[in-house]
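Q: Quick one: structure below, then a few questions.
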Amino acid sequence: MEDKRSKTWKMKYNISASICILSVIFPSIILFSASSRTPLSIHENFIHCVSVKSLLSVPSSIFYTPNQSSFYSVLESTAQNLRFVEPSVPKPNLIFTPLTESHVQAAVICSKHLRIHMRVRSGGHDYEGLSYVSEFETPFLLLDLVKFRSINIYIDDNSAWVQAGATLGEVYYRISEKSHVRGFPAGLCTSVGVGGHITGGGYGSLGRKYGLSADNIVDARIVDVNGRVLDRAEMGEDLFWAIRGGGGGSFGVILSWKIKLVHVPETVTVFTVTKTLEEGATQILYRWQQMADKLDENLFLQVLIQLTNTTQKGKKTVATSYNALFLGGANRLFKIIQESFPELGLTRKDCIETSWIKSVLYLDRHPLNTPPEILLQAKPSFKVHFKGKMDFIEEPIPGITLEGLWKKLLEEDNPVIELNPYGGVMSKISEYEIPFPHRKGNIFEILYLTIWQEGGDKKEAKKHIDWIRSLYNYMGPYVSKFPRGSYVNVRDLDLGMNMKISNTSFFEAIVWGSKYFKDNFNRLIRVKTKVDPKNFFRHEQSIPPLPNGMLEMDELDQYCMQC
């Protein structure tokens with residue numbers, strides 16, 4: 001039965017039927033200036049169309065064109081990877097920052113009618129810039145949901161409606177305002193947008209206890225290819241399944257999520273213990289691999305690997321930092337580590353008791369005394385040039401391989417590696433429950449990053465990107481295989497691209513699709529074929545529809561056997 005809040009939400013915002021009626025009443029768009037009969041520009045056509053199609057007024061201040069001084073500040077405001085705001089990178093012809101669901105509906109209808117390619121951005125924490133850059137299709141517009149930030153918390157039934165443009169930090173803060181014993185399982189980087197994070201799955205420090213963000217979604221609102229606003233009941237279970245982990249930009253525009261709040265204790269414990277190579281980092285990390293997925297599910301024990309200076313001037317070494325969140329008190333945590341991982345050398349004074357909201361800041365590299373209100377600033381945690389890659393580890397990486405890894409890291413200027421443990425609830429949820437398939441059998445995920453500050457120098461960028469590709473090749477024998485898995489929230493165009501964007505080849509897409517989704521890729525294709533057969537929502541790694549509207553399972557299986 002639909003709850004009262006969902007009905008209220010729907011009554012307040014759902015005007016999709018009226019929008020569709022307008023599409024019939026005004027099937028064509030005025031393409032000439034009324035006074036001069038001069039053909040309108042692309043952005044003028046779009047602005048005029050949206051003003052006609054939207055049932056609510058559309059202020060001119062929410063459109064940005066390249067000839068406005070504010071255009072570039074809006075474009076760069078949430079773009080965290082500076083590689084994709086360089087002058088040589090294609091820019092949108094127009095940025096539209098809608099205020100209402102009606103605006104989004106009109107934007108989809110008009111983009112489709114005018115044949116203007118659309119990219120959709122919620123937070124901008126995009127490893128390959130696909131939410132705001134189109135390398136192959138021009139003209140294109142950016143639908144930026146930065147003003148979709150409403151968060152409504154309902155403690156009585158442990159739920160919240162969260163709009164797609166809100167950041168994880170804003171969600172965490174608003175939950176803590178209402179309750180000190182509620183939380184939400186999502187990422188460590190608090191400036192990430194909710195919309196895109198959940199469409200890819202969403203792993204974080206509560207993952208071993210409660211699973212992914214997408215595992216804790218009970219409803220959603222989406223604008224489909226026809227400009228309709230659909231909730232879970234209206235979109236059906238197949239589409240609801242696909243949008244929770246199938247990646248953004250393929251099925252529609254996510255407007256908001258209804259999330260399930262989870263219990264966190266009033267007191268949690270955090271610690272950081274760092275070991276360098278000279279302090280036995282290799283042996284300690286090998287031991288961590290043997291038990292990371294077997295620890296108490298209330299414990300998240302991440303390893304962050306970076307370079308640090310040694311006591312010898314000009315020399316660097318590798319430092320491994322063990323960052324922990326434990327859903328409980330310090331004494332119990334200390335006992336667990338002493339019994340399971342004494343090699344770490346944890347002391348009782350390393351363990352800091354705090355609140356869950358303070359632990360959020362701590363794990364996002366803020367000092368523990370940072371006021372939580374900083375989360376409301378919703379500013380990117382970093383703005384740098386970077387390239388990332390991802391692997392999943394099923395067997396401990398041998399010590400000799402780790403030693404080779406250290407040598408590779410010491411070749412680079414600013415490499416970062418994150419090891420995030422699996423196990424716990426992650427091993428109990430079926431790999432078919434949602435599109436994210438990387439569950440049982442994985443010890444941990446490993447994120448590789450290379451970061452550099454200099455911009456505009458293609459040789460400099462190539463040097464760092466070549467390095468991380470070499471590192472990725474080096475790790476190949478020691479990671480998951482058939483396929484070599486990856487995480488769609490760490491987009492990596494090296495895995496493959498849809499080269500003919502408007503007419504995507506299944507054979508091109510299966511190369512990268514199987515790495516992100518394994519066997520779930522076939523079901524995602526089937527959903528796509530049903531809800532967006534002409535491939536309106538697309539990008540370089542979007543889910544393709546099958547040709548000729550092919551939908552039957554035996555047809556799909558036969559088609560896939562040819563790959």
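Just remember, in the structure tokens the first chain shown is A, the second B, etc., residues are 1-based per chain, and ligands are 1-based in the order shown.
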Residues of segment 248-309 of chain A within 7 Å of segment 219-236 of chain A: nearest atom pair and distance (Å, one decimal) for each, counting only C-alpha atoms, sorted by chain and number, as CSV?
A:
residue,atom,partner,partner_atom,distance
A:Phe251,CA,A:Asp224,CA,7.0
A:Gly252,CA,A:Asp224,CA,4.7
A:Val253,CA,A:Val223,CA,5.1
A:Ile254,CA,A:Ile222,CA,4.5
A:Leu255,CA,A:Ile222,CA,5.3
A:Ser256,CA,A:Arg221,CA,5.3
A:Trp257,CA,A:Ala220,CA,4.4
A:Lys258,CA,A:Asp219,CA,4.8
Q: For all heavy atoms, I'd like the residues from the last selection saved as a PDB file, in the first residue's frame.
A:
ATOM      1  N   PHE A 251      18.663   5.286 -18.383  1.00  0.00           N
ATOM      2  CA  PHE A 251      17.244   4.923 -18.305  1.00  0.00           C
ATOM      3  C   PHE A 251      16.314   6.112 -18.101  1.00  0.00           C
ATOM      4  O   PHE A 251      15.111   5.980 -18.276  1.00  0.00           O
ATOM      5  CB  PHE A 251      17.027   3.921 -17.167  1.00  0.00           C
ATOM      6  CG  PHE A 251      17.837   2.669 -17.315  1.00  0.00           C
ATOM      7  CD1 PHE A 251      18.996   2.478 -16.584  1.00  0.00           C
ATOM      8  CD2 PHE A 251      17.446   1.683 -18.211  1.00  0.00           C
ATOM      9  CE1 PHE A 251      19.748   1.329 -16.724  1.00  0.00           C
ATOM     10  CE2 PHE A 251      18.191   0.527 -18.365  1.00  0.00           C
ATOM     11  CZ  PHE A 251      19.358   0.352 -17.623  1.00  0.00           C
ATOM     12  N   GLY A 252      16.833   7.242 -17.720  1.00  0.00           N
ATOM     13  CA  GLY A 252      15.998   8.396 -17.443  1.00  0.00           C
ATOM     14  C   GLY A 252      16.740   9.357 -16.530  1.00  0.00           C
ATOM     15  O   GLY A 252      17.929   9.184 -16.245  1.00  0.00           O
ATOM     16  N   VAL A 253      16.030  10.367 -16.064  1.00  0.00           N
ATOM     17  CA  VAL A 253      16.605  11.351 -15.145  1.00  0.00           C
ATOM     18  C   VAL A 253      16.090  11.055 -13.740  1.00  0.00           C
ATOM     19  O   VAL A 253      14.891  11.166 -13.482  1.00  0.00           O
ATOM     20  CB  VAL A 253      16.224  12.787 -15.546  1.00  0.00           C
ATOM     21  CG1 VAL A 253      16.857  13.793 -14.570  1.00  0.00           C
ATOM     22  CG2 VAL A 253      16.659  13.091 -16.977  1.00  0.00           C
ATOM     23  N   ILE A 254      16.989  10.652 -12.853  1.00  0.00           N
ATOM     24  CA  ILE A 254      16.599  10.419 -11.469  1.00  0.00           C
ATOM     25  C   ILE A 254      16.308  11.754 -10.810  1.00  0.00           C
ATOM     26  O   ILE A 254      17.152  12.656 -10.788  1.00  0.00           O
ATOM     27  CB  ILE A 254      17.720   9.696 -10.687  1.00  0.00           C
ATOM     28  CG1 ILE A 254      18.050   8.350 -11.324  1.00  0.00           C
ATOM     29  CG2 ILE A 254      17.313   9.516  -9.222  1.00  0.00           C
ATOM     30  CD1 ILE A 254      16.933   7.327 -11.266  1.00  0.00           C
ATOM     31  N   LEU A 255      15.103  11.881 -10.260  1.00  0.00           N
ATOM     32  CA  LEU A 255      14.715  13.099  -9.548  1.00  0.00           C
ATOM     33  C   LEU A 255      14.989  12.988  -8.057  1.00  0.00           C
ATOM     34  O   LEU A 255      15.495  13.926  -7.437  1.00  0.00           O
ATOM     35  CB  LEU A 255      13.222  13.382  -9.761  1.00  0.00           C
ATOM     36  CG  LEU A 255      12.775  13.623 -11.205  1.00  0.00           C
ATOM     37  CD1 LEU A 255      11.256  13.635 -11.276  1.00  0.00           C
ATOM     38  CD2 LEU A 255      13.352  14.932 -11.744  1.00  0.00           C
ATOM     39  N   SER A 256      14.641  11.841  -7.491  1.00  0.00           N
ATOM     40  CA  SER A 256      14.791  11.668  -6.045  1.00  0.00           C
ATOM     41  C   SER A 256      14.738  10.189  -5.693  1.00  0.00           C
ATOM     42  O   SER A 256      14.207   9.360  -6.438  1.00  0.00           O
ATOM     43  CB  SER A 256      13.680  12.420  -5.288  1.00  0.00           C
ATOM     44  OG  SER A 256      12.405  12.046  -5.765  1.00  0.00           O
ATOM     45  N   TRP A 257      15.319   9.891  -4.532  1.00  0.00           N
ATOM     46  CA  TRP A 257      15.320   8.536  -3.974  1.00  0.00           C
ATOM     47  C   TRP A 257      14.603   8.538  -2.633  1.00  0.00           C
ATOM     48  O   TRP A 257      14.754   9.477  -1.857  1.00  0.00           O
ATOM     49  CB  TRP A 257      16.741   8.047  -3.733  1.00  0.00           C
ATOM     50  CG  TRP A 257      17.647   7.963  -4.906  1.00  0.00           C
ATOM     51  CD1 TRP A 257      18.657   8.821  -5.224  1.00  0.00           C
ATOM     52  CD2 TRP A 257      17.674   6.944  -5.911  1.00  0.00           C
ATOM     53  NE1 TRP A 257      19.309   8.410  -6.366  1.00  0.00           N
ATOM     54  CE2 TRP A 257      18.728   7.256  -6.806  1.00  0.00           C
ATOM     55  CE3 TRP A 257      16.917   5.794  -6.135  1.00  0.00           C
ATOM     56  CZ2 TRP A 257      19.034   6.477  -7.898  1.00  0.00           C
ATOM     57  CZ3 TRP A 257      17.232   5.014  -7.235  1.00  0.00           C
ATOM     58  CH2 TRP A 257      18.269   5.346  -8.108  1.00  0.00           C
ATOM     59  N   LYS A 258      13.867   7.482  -2.366  1.00  0.00           N
ATOM     60  CA  LYS A 258      13.381   7.254  -1.008  1.00  0.00           C
ATOM     61  C   LYS A 258      14.317   6.232  -0.382  1.00  0.00           C
ATOM     62  O   LYS A 258      14.364   5.070  -0.800  1.00  0.00           O
ATOM     63  CB  LYS A 258      11.949   6.725  -0.999  1.00  0.00           C
ATOM     64  CG  LYS A 258      11.383   6.613   0.418  1.00  0.00           C
ATOM     65  CD  LYS A 258       9.928   6.137   0.431  1.00  0.00           C
ATOM     66  CE  LYS A 258       9.405   6.106   1.872  1.00  0.00           C
ATOM     67  NZ  LYS A 258       8.001   5.599   1.929  1.00  0.00           N
TER      68      LYS A 258
END
Q: What are the closest atom pairs, with distances in Å to one decimal, for each residue of segment 431-547 of chain A lying within 8 Å of segment 371-388 of chain A, using only C-alpha atoms, rows by chain and rising residue number, as JSON lines?
A:
{"residue": "A:Leu447", "atom": "CA", "partner": "A:Gly388", "partner_atom": "CA", "distance": 7.0}
{"residue": "A:Tyr448", "atom": "CA", "partner": "A:Gly388", "partner_atom": "CA", "distance": 5.5}
{"residue": "A:Leu449", "atom": "CA", "partner": "A:Gly388", "partner_atom": "CA", "distance": 4.5}
{"residue": "A:Thr450", "atom": "CA", "partner": "A:Phe386", "partner_atom": "CA", "distance": 5.6}
{"residue": "A:Ile451", "atom": "CA", "partner": "A:Phe386", "partner_atom": "CA", "distance": 4.5}
{"residue": "A:Trp452", "atom": "CA", "partner": "A:His385", "partner_atom": "CA", "distance": 5.3}
{"residue": "A:Gln453", "atom": "CA", "partner": "A:Val384", "partner_atom": "CA", "distance": 5.7}
{"residue": "A:Glu454", "atom": "CA", "partner": "A:His385", "partner_atom": "CA", "distance": 7.5}
{"residue": "A:Gly455", "atom": "CA", "partner": "A:His385", "partner_atom": "CA", "distance": 7.3}
{"residue": "A:Ile465", "atom": "CA", "partner": "A:Lys387", "partner_atom": "CA", "distance": 6.6}
{"residue": "A:Ile468", "atom": "CA", "partner": "A:Lys387", "partner_atom": "CA", "distance": 7.6}
{"residue": "A:Val490", "atom": "CA", "partner": "A:Gly388", "partner_atom": "CA", "distance": 6.8}
{"residue": "A:Arg491", "atom": "CA", "partner": "A:Gly388", "partner_atom": "CA", "distance": 7.9}
{"residue": "A:Asp492", "atom": "CA", "partner": "A:Gly388", "partner_atom": "CA", "distance": 7.1}
Q: Mind listing the alpha helix (DSSP H) residues of segment 244-453 of chain A, per DSSP on the backbone, as a PyMOL selection string?
A: chain A and resi 281-291+330-340+356-363+399-410
Q: Using only C-alpha atoms, which protein or nucleic acid residues come within 8 Å of Gly249 of chain A? Drop anything in the same chain fewer than 4 positions from it, and give the result as a VMD selection string.
A: chain A and resid 119 to 120 131 253 537 to 539 542
Q: Here is a test: counting only C-alpha atoms, which residue of A:Leu99, A:Ala164, A:Met426, A:Val303 is nearest to Gly193 of chain A?
A: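 Checking each candidate against Gly193 of chain A, we get A:Ala164 as the closest.
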Q: Which residue is closest to Gly196 of chain A? Choose from A:Gly485, A:Gly248, A:Gly328, A:Gly129 and count only C-alpha atoms.
A: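 The closest residue to Gly196 of chain A is A:Gly248.
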Q: Excluding Ile336 of chain A and residues on its chain fewer than 5 positions from it, collect all residues at most 9 Å away from it, counting only C-alpha atoms, and give them as a PyMOL selection string.
A: chain A and resi 295-296+331+341
